[in-house]
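Structure below is data_33.cif: mmCIF, C-alpha atoms.
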```cif
data_run
loop_
_atom_site.group_PDB
_atom_site.id
_atom_site.type_symbol
_atom_site.label_atom_id
_atom_site.label_comp_id
_atom_site.auth_asym_id
_atom_site.auth_seq_id
_atom_site.Cartn_x
_atom_site.Cartn_y
_atom_site.Cartn_z
ATOM 1 C CA MET Y 23 94.062 102.244 116.090
ATOM 2 C CA ASP Y 24 97.280 101.206 114.417
ATOM 3 C CA MET Y 25 97.839 99.179 111.258
ATOM 4 C CA ASN Y 26 97.891 95.864 113.168
ATOM 5 C CA GLU Y 27 94.549 96.503 114.870
ATOM 6 C CA TYR Y 28 93.008 97.483 111.520
ATOM 7 C CA ALA Y 29 94.328 94.232 110.018
ATOM 8 C CA GLU Y 30 92.903 92.207 112.928
ATOM 9 C CA LEU Y 31 89.461 93.758 112.453
ATOM 10 C CA LEU Y 32 89.557 92.910 108.763
ATOM 11 C CA ALA Y 33 90.670 89.372 109.573
ATOM 12 C CA ARG Y 34 87.631 88.826 111.774
ATOM 13 C CA VAL Y 35 85.259 90.058 109.099
ATOM 14 C CA GLU Y 36 86.883 88.234 106.197
ATOM 15 C CA LYS Y 37 86.054 84.863 107.705
ATOM 16 C CA GLU Y 38 82.340 85.596 107.413
ATOM 17 C CA MET Y 39 82.219 87.980 104.440
ATOM 18 C CA PRO Y 40 85.322 87.520 102.278
ATOM 19 C CA LEU Y 41 84.179 89.642 99.304
ATOM 20 C CA GLU Y 42 83.324 92.650 101.458
ATOM 21 C CA ALA Y 43 86.613 92.311 103.335
ATOM 22 C CA GLU Y 44 88.538 92.203 100.050
ATOM 23 C CA LYS Y 45 86.797 95.363 98.847
ATOM 24 C CA GLN Y 46 87.602 97.112 102.132
ATOM 25 C CA LEU Y 47 91.229 96.035 101.947
ATOM 26 C CA GLN Y 48 91.456 97.367 98.384
ATOM 27 C CA ARG Y 49 89.785 100.614 99.465
ATOM 28 C CA GLY Y 50 92.241 101.071 102.345
ATOM 29 C CA GLY Y 51 95.186 100.355 100.035
ATOM 30 C CA ASN Y 52 93.973 102.953 97.545
ATOM 31 C CA VAL Y 53 93.603 105.557 100.291
ATOM 32 C CA LEU Y 54 97.154 104.865 101.496
ATOM 33 C CA LYS Y 55 98.445 105.057 97.913
ATOM 34 C CA ARG Y 56 96.765 108.454 97.390
ATOM 35 C CA MET Y 57 98.200 109.725 100.678
ATOM 36 C CA ALA Y 58 101.692 108.629 99.586
ATOM 37 C CA GLN Y 59 101.239 110.340 96.223
ATOM 38 C CA ASP Y 60 100.251 113.572 97.955
ATOM 39 C CA VAL Y 61 103.275 113.699 100.264
ATOM 40 C CA ALA Y 62 105.893 112.402 97.802
ATOM 41 C CA PRO Y 63 108.567 114.996 96.993
ATOM 42 C CA LYS Y 64 107.504 116.753 93.808
ATOM 43 C CA ASP Y 65 110.998 117.698 92.636
ATOM 44 C CA THR Y 66 112.050 114.065 92.171
ATOM 45 C CA GLY Y 67 110.685 113.388 88.738
ATOM 46 C CA LYS Y 68 107.639 111.156 88.451
ATOM 47 C CA LEU Y 69 107.921 109.553 91.883
ATOM 48 C CA ALA Y 70 104.451 110.648 93.019
ATOM 49 C CA LYS Y 71 102.773 109.023 90.017
ATOM 50 C CA SER Y 72 104.752 105.791 90.304
ATOM 51 C CA PHE Y 73 102.859 104.240 93.237
ATOM 52 C CA LYS Y 74 100.803 101.143 92.444
ATOM 53 C CA THR Y 75 98.590 98.797 94.446
ATOM 54 C CA GLU Y 76 98.317 95.069 93.899
ATOM 55 C CA MET Y 77 96.112 92.505 95.583
ATOM 56 C CA LYS Y 78 97.836 89.208 96.359
ATOM 57 C CA GLY Y 79 96.439 85.981 97.713
ATOM 58 C CA TRP Y 80 93.767 83.508 96.734
ATOM 59 C CA SER Y 81 91.680 83.120 99.866
ATOM 60 C CA ALA Y 82 90.544 85.276 102.737
ATOM 61 C CA GLU Y 83 93.293 83.932 105.002
ATOM 62 C CA ASN Y 84 96.225 85.088 102.873
ATOM 63 C CA LEU Y 85 94.827 88.150 101.106
ATOM 64 C CA GLU Y 86 97.202 91.167 101.079
ATOM 65 C CA CYS Y 87 97.310 94.572 99.426
ATOM 66 C CA HIS Y 88 100.820 95.531 98.326
ATOM 67 C CA ILE Y 89 101.649 99.178 97.734
ATOM 68 C CA TYR Y 90 104.888 99.781 95.874
ATOM 69 C CA SER Y 91 106.669 102.315 93.704
ATOM 70 C CA LYS Y 92 107.814 101.564 90.177
ATOM 71 C CA ALA Y 93 110.341 104.428 90.296
ATOM 72 C CA LYS Y 94 113.911 103.173 90.224
ATOM 73 C CA HIS Y 95 115.101 105.949 92.551
ATOM 74 C CA TYR Y 96 112.409 105.490 95.238
ATOM 75 C CA HIS Y 97 114.684 103.693 97.689
ATOM 76 C CA LEU Y 98 117.299 106.447 97.434
ATOM 77 C CA ILE Y 99 114.820 109.156 98.343
ATOM 78 C CA GLU Y 100 113.064 107.144 101.035
ATOM 79 C CA ARG Y 101 116.147 105.793 102.845
ATOM 80 C CA GLY Y 102 118.958 108.156 101.832
ATOM 81 C CA HIS Y 103 122.181 107.611 99.924
ATOM 82 C CA VAL Y 104 125.871 108.403 99.711
ATOM 83 C CA MET Y 105 126.826 111.271 97.380
ATOM 84 C CA LYS Y 106 129.853 110.534 95.207
ATOM 85 C CA THR Y 107 131.858 112.362 92.589
ATOM 86 C CA ARG Y 108 132.201 110.918 89.105
ATOM 87 C CA LYS Y 109 135.510 109.375 90.140
ATOM 88 C CA GLY Y 110 133.910 107.580 93.080
ATOM 89 C CA ARG Y 111 135.107 109.778 95.951
ATOM 90 C CA ILE Y 112 132.506 110.103 98.716
ATOM 91 C CA VAL Y 113 131.648 113.735 99.393
ATOM 92 C CA GLY Y 114 128.644 113.424 101.707
ATOM 93 C CA TYR Y 115 125.438 111.735 102.626
ATOM 94 C CA LYS Y 116 121.902 112.694 101.658
ATOM 95 C CA ALA Y 117 119.511 111.783 104.461
ATOM 96 C CA GLY Y 118 116.339 109.928 103.605
ATOM 97 C CA THR Y 119 112.941 111.603 103.797
ATOM 98 C CA PHE Y 120 111.044 108.496 105.051
ATOM 99 C CA PHE Y 121 107.860 110.014 103.630
ATOM 100 C CA PHE Y 122 106.209 106.627 103.000
ATOM 101 C CA LYS Y 123 106.927 105.370 106.520
ATOM 102 C CA LYS Y 124 105.490 108.583 107.988
ATOM 103 C CA THR Y 125 102.447 108.243 105.732
ATOM 104 C CA CYS Y 126 101.846 104.663 106.921
ATOM 105 C CA ASP Y 127 102.049 105.810 110.548
ATOM 106 C CA LYS Y 128 99.619 108.666 109.858
ATOM 107 C CA PHE Y 129 97.260 106.255 108.066
ATOM 108 C CA GLY Y 130 97.203 103.952 111.074
ATOM 109 C CA LEU Y 131 96.490 106.761 113.516
ATOM 110 C CA THR Y 132 93.992 108.902 111.623
ATOM 111 C CA VAL Y 133 92.502 107.242 108.541
ATOM 112 C CA ALA Y 134 92.218 103.551 109.456
ATOM 113 C CA PRO Y 135 89.815 104.109 112.392
ATOM 114 C CA GLY Y 136 87.490 106.112 110.153
ATOM 115 C CA LEU Y 137 87.599 103.481 107.429
ATOM 116 C CA ALA Y 138 86.943 100.730 109.959
ATOM 117 C CA ASN Y 139 84.003 102.564 111.554
ATOM 118 C CA ARG Y 140 82.405 103.278 108.173
ATOM 119 C CA PHE Y 141 82.922 99.661 107.097
ATOM 120 C CA PHE Y 142 81.391 98.189 110.251
ATOM 121 C CA LYS Y 143 78.400 100.530 110.053
ATOM 122 C CA LYS Y 144 77.865 99.331 106.487
ATOM 123 C CA MET Y 145 78.144 95.680 107.554
ATOM 124 C CA LYS Y 146 75.738 96.275 110.445
ATOM 125 C CA ARG Y 147 73.148 97.733 108.049
ATOM 126 C CA LYS Y 148 73.667 94.820 105.666
ATOM 127 C CA LEU Y 149 73.251 92.193 108.403
ATOM 128 C CA ASN Y 150 70.220 93.837 109.951
ATOM 129 C CA GLY Y 151 68.588 93.902 106.560
#
```

For the structure just supplied, provide its representation as structure tokens.
Amino acid sequence: MDMNEYAELLARVEKEMPLEAEKQLQRGGNVLKRMAQDVAPKDTGKLAKSFKTEMKGWSAENLECHIYSKAKHYHLIERGHVMKTRKGRIVGYKAGTFFFKKTCDKFGLTVAPGLANRFFKKMKRKLNG
């Protein structure tokens, strides 16, 4: 199950039970945030502690969980950057680590199916009374 399939499953449920779907979306966002904090390079200052989650949207149709980093140097570590001397001469390139992208892929393959199965078992128990 990839991220898109997980989102489609949540979309189906949020039409009938919007509060439960919002809680599940928040739970999934927090799991992804913790995974990103665990794999963030530790020698880069406070990058691992800078990840935040934010829920956006007013209704079930446009509800989103944004995960972002407040660190100013996050984009340099994630995507790479040119190394320059103080005078501006380019001396090399530092390749990006792409740790967040890899974490999102891992989340979609390993964690999201487990979260979805646990959520649907919970909903089944709730509906059956």

Please write the residues picked by the PyMOL selection byres ((chain Y and resi 75) around 12) on this file as a short mmCIF file (atom, residue, chain, number, x, y, z; two decimals) with C-alpha atoms, keeping the file's coordinate frame.
```
data_model
loop_
_atom_site.label_atom_id
_atom_site.label_comp_id
_atom_site.auth_asym_id
_atom_site.auth_seq_id
_atom_site.Cartn_x
_atom_site.Cartn_y
_atom_site.Cartn_z
CA LEU Y 47 91.23 96.04 101.95
CA GLN Y 48 91.46 97.37 98.38
CA ARG Y 49 89.78 100.61 99.46
CA GLY Y 50 92.24 101.07 102.34
CA GLY Y 51 95.19 100.36 100.04
CA ASN Y 52 93.97 102.95 97.54
CA VAL Y 53 93.60 105.56 100.29
CA LEU Y 54 97.15 104.86 101.50
CA LYS Y 55 98.44 105.06 97.91
CA ARG Y 56 96.76 108.45 97.39
CA ALA Y 58 101.69 108.63 99.59
CA GLN Y 59 101.24 110.34 96.22
CA LYS Y 71 102.77 109.02 90.02
CA SER Y 72 104.75 105.79 90.30
CA PHE Y 73 102.86 104.24 93.24
CA LYS Y 74 100.80 101.14 92.44
CA GLU Y 76 98.32 95.07 93.90
CA MET Y 77 96.11 92.50 95.58
CA LYS Y 78 97.84 89.21 96.36
CA GLU Y 86 97.20 91.17 101.08
CA CYS Y 87 97.31 94.57 99.43
CA HIS Y 88 100.82 95.53 98.33
CA ILE Y 89 101.65 99.18 97.73
CA TYR Y 90 104.89 99.78 95.87
CA SER Y 91 106.67 102.32 93.70
CA LYS Y 92 107.81 101.56 90.18
#
```

*asked:* Nearest residue to Y:Ala43 out of Y:Leu85, Y:Arg108, Y:Ala62, Y:Phe121, using all atoms listed in the file?
replied: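 The answer is Y:Leu85, which sits nearest to Y:Ala43.
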
Taking a cut-off of 10 Å and counting all atoms listed in the file, can you build a table that, for each residue of stretch 28-127 of chain Y near stretch 140-149 of chain Y, reports the nearest atom pair and how far apart they are in Å (one decimal), sorted by chain then residue number, as a tab-separated table?
```
residue	atom	partner	partner_atom	distance
Y:Leu31	CA	Y:Phe142	CA	9.5
Y:Leu32	CA	Y:Phe141	CA	9.6
Y:Val35	CA	Y:Phe142	CA	9.1
Y:Met39	CA	Y:Met145	CA	9.3
Y:Glu42	CA	Y:Met145	CA	8.6
Y:Ala43	CA	Y:Phe141	CA	9.0
Y:Gln46	CA	Y:Phe141	CA	7.3
```

Requested write-out: C-alpha atoms of the selected residues, as an mmCIF file, in the frame of the given file:
```
data_model
loop_
_atom_site.group_PDB
_atom_site.id
_atom_site.type_symbol
_atom_site.label_atom_id
_atom_site.label_comp_id
_atom_site.auth_asym_id
_atom_site.auth_seq_id
_atom_site.Cartn_x
_atom_site.Cartn_y
_atom_site.Cartn_z
ATOM 1 C CA LEU Y 31 89.461 93.758 112.453
ATOM 2 C CA LEU Y 32 89.557 92.910 108.763
ATOM 3 C CA VAL Y 35 85.259 90.058 109.099
ATOM 4 C CA MET Y 39 82.219 87.980 104.440
ATOM 5 C CA GLU Y 42 83.324 92.650 101.458
ATOM 6 C CA ALA Y 43 86.613 92.311 103.335
ATOM 7 C CA GLN Y 46 87.602 97.112 102.132
#
```

*Two-atom distance - atom CA of Y:Pro63, atom CA of Y:Asp127 (Å)*: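 Rounded to one decimal, the two atoms are 17.6 Å apart.
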
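Residues matched by the PyMOL selection byres ((chain Y and resi 105) around 7) in this file: His103, Val104, Lys106, Ile112, Val113, Gly114, Tyr115 and Lys116 of chain Y.
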
_I want to know what sits within 7 Å of Y:Pro40, based on only C-alpha atoms, with residues of the same chain fewer than 4 positions away left out; could you give that as a PyMOL selection string?_
chain Y and resi 36+44+82

*Find the residues around Y:Lys123 up to 10 Å (only C-alpha atoms counted), leave out those fewer than 5 positions away in its own chain, and share them as JSON, numbers by chain.*
{"Y": [58, 100, 101, 128, 129]}
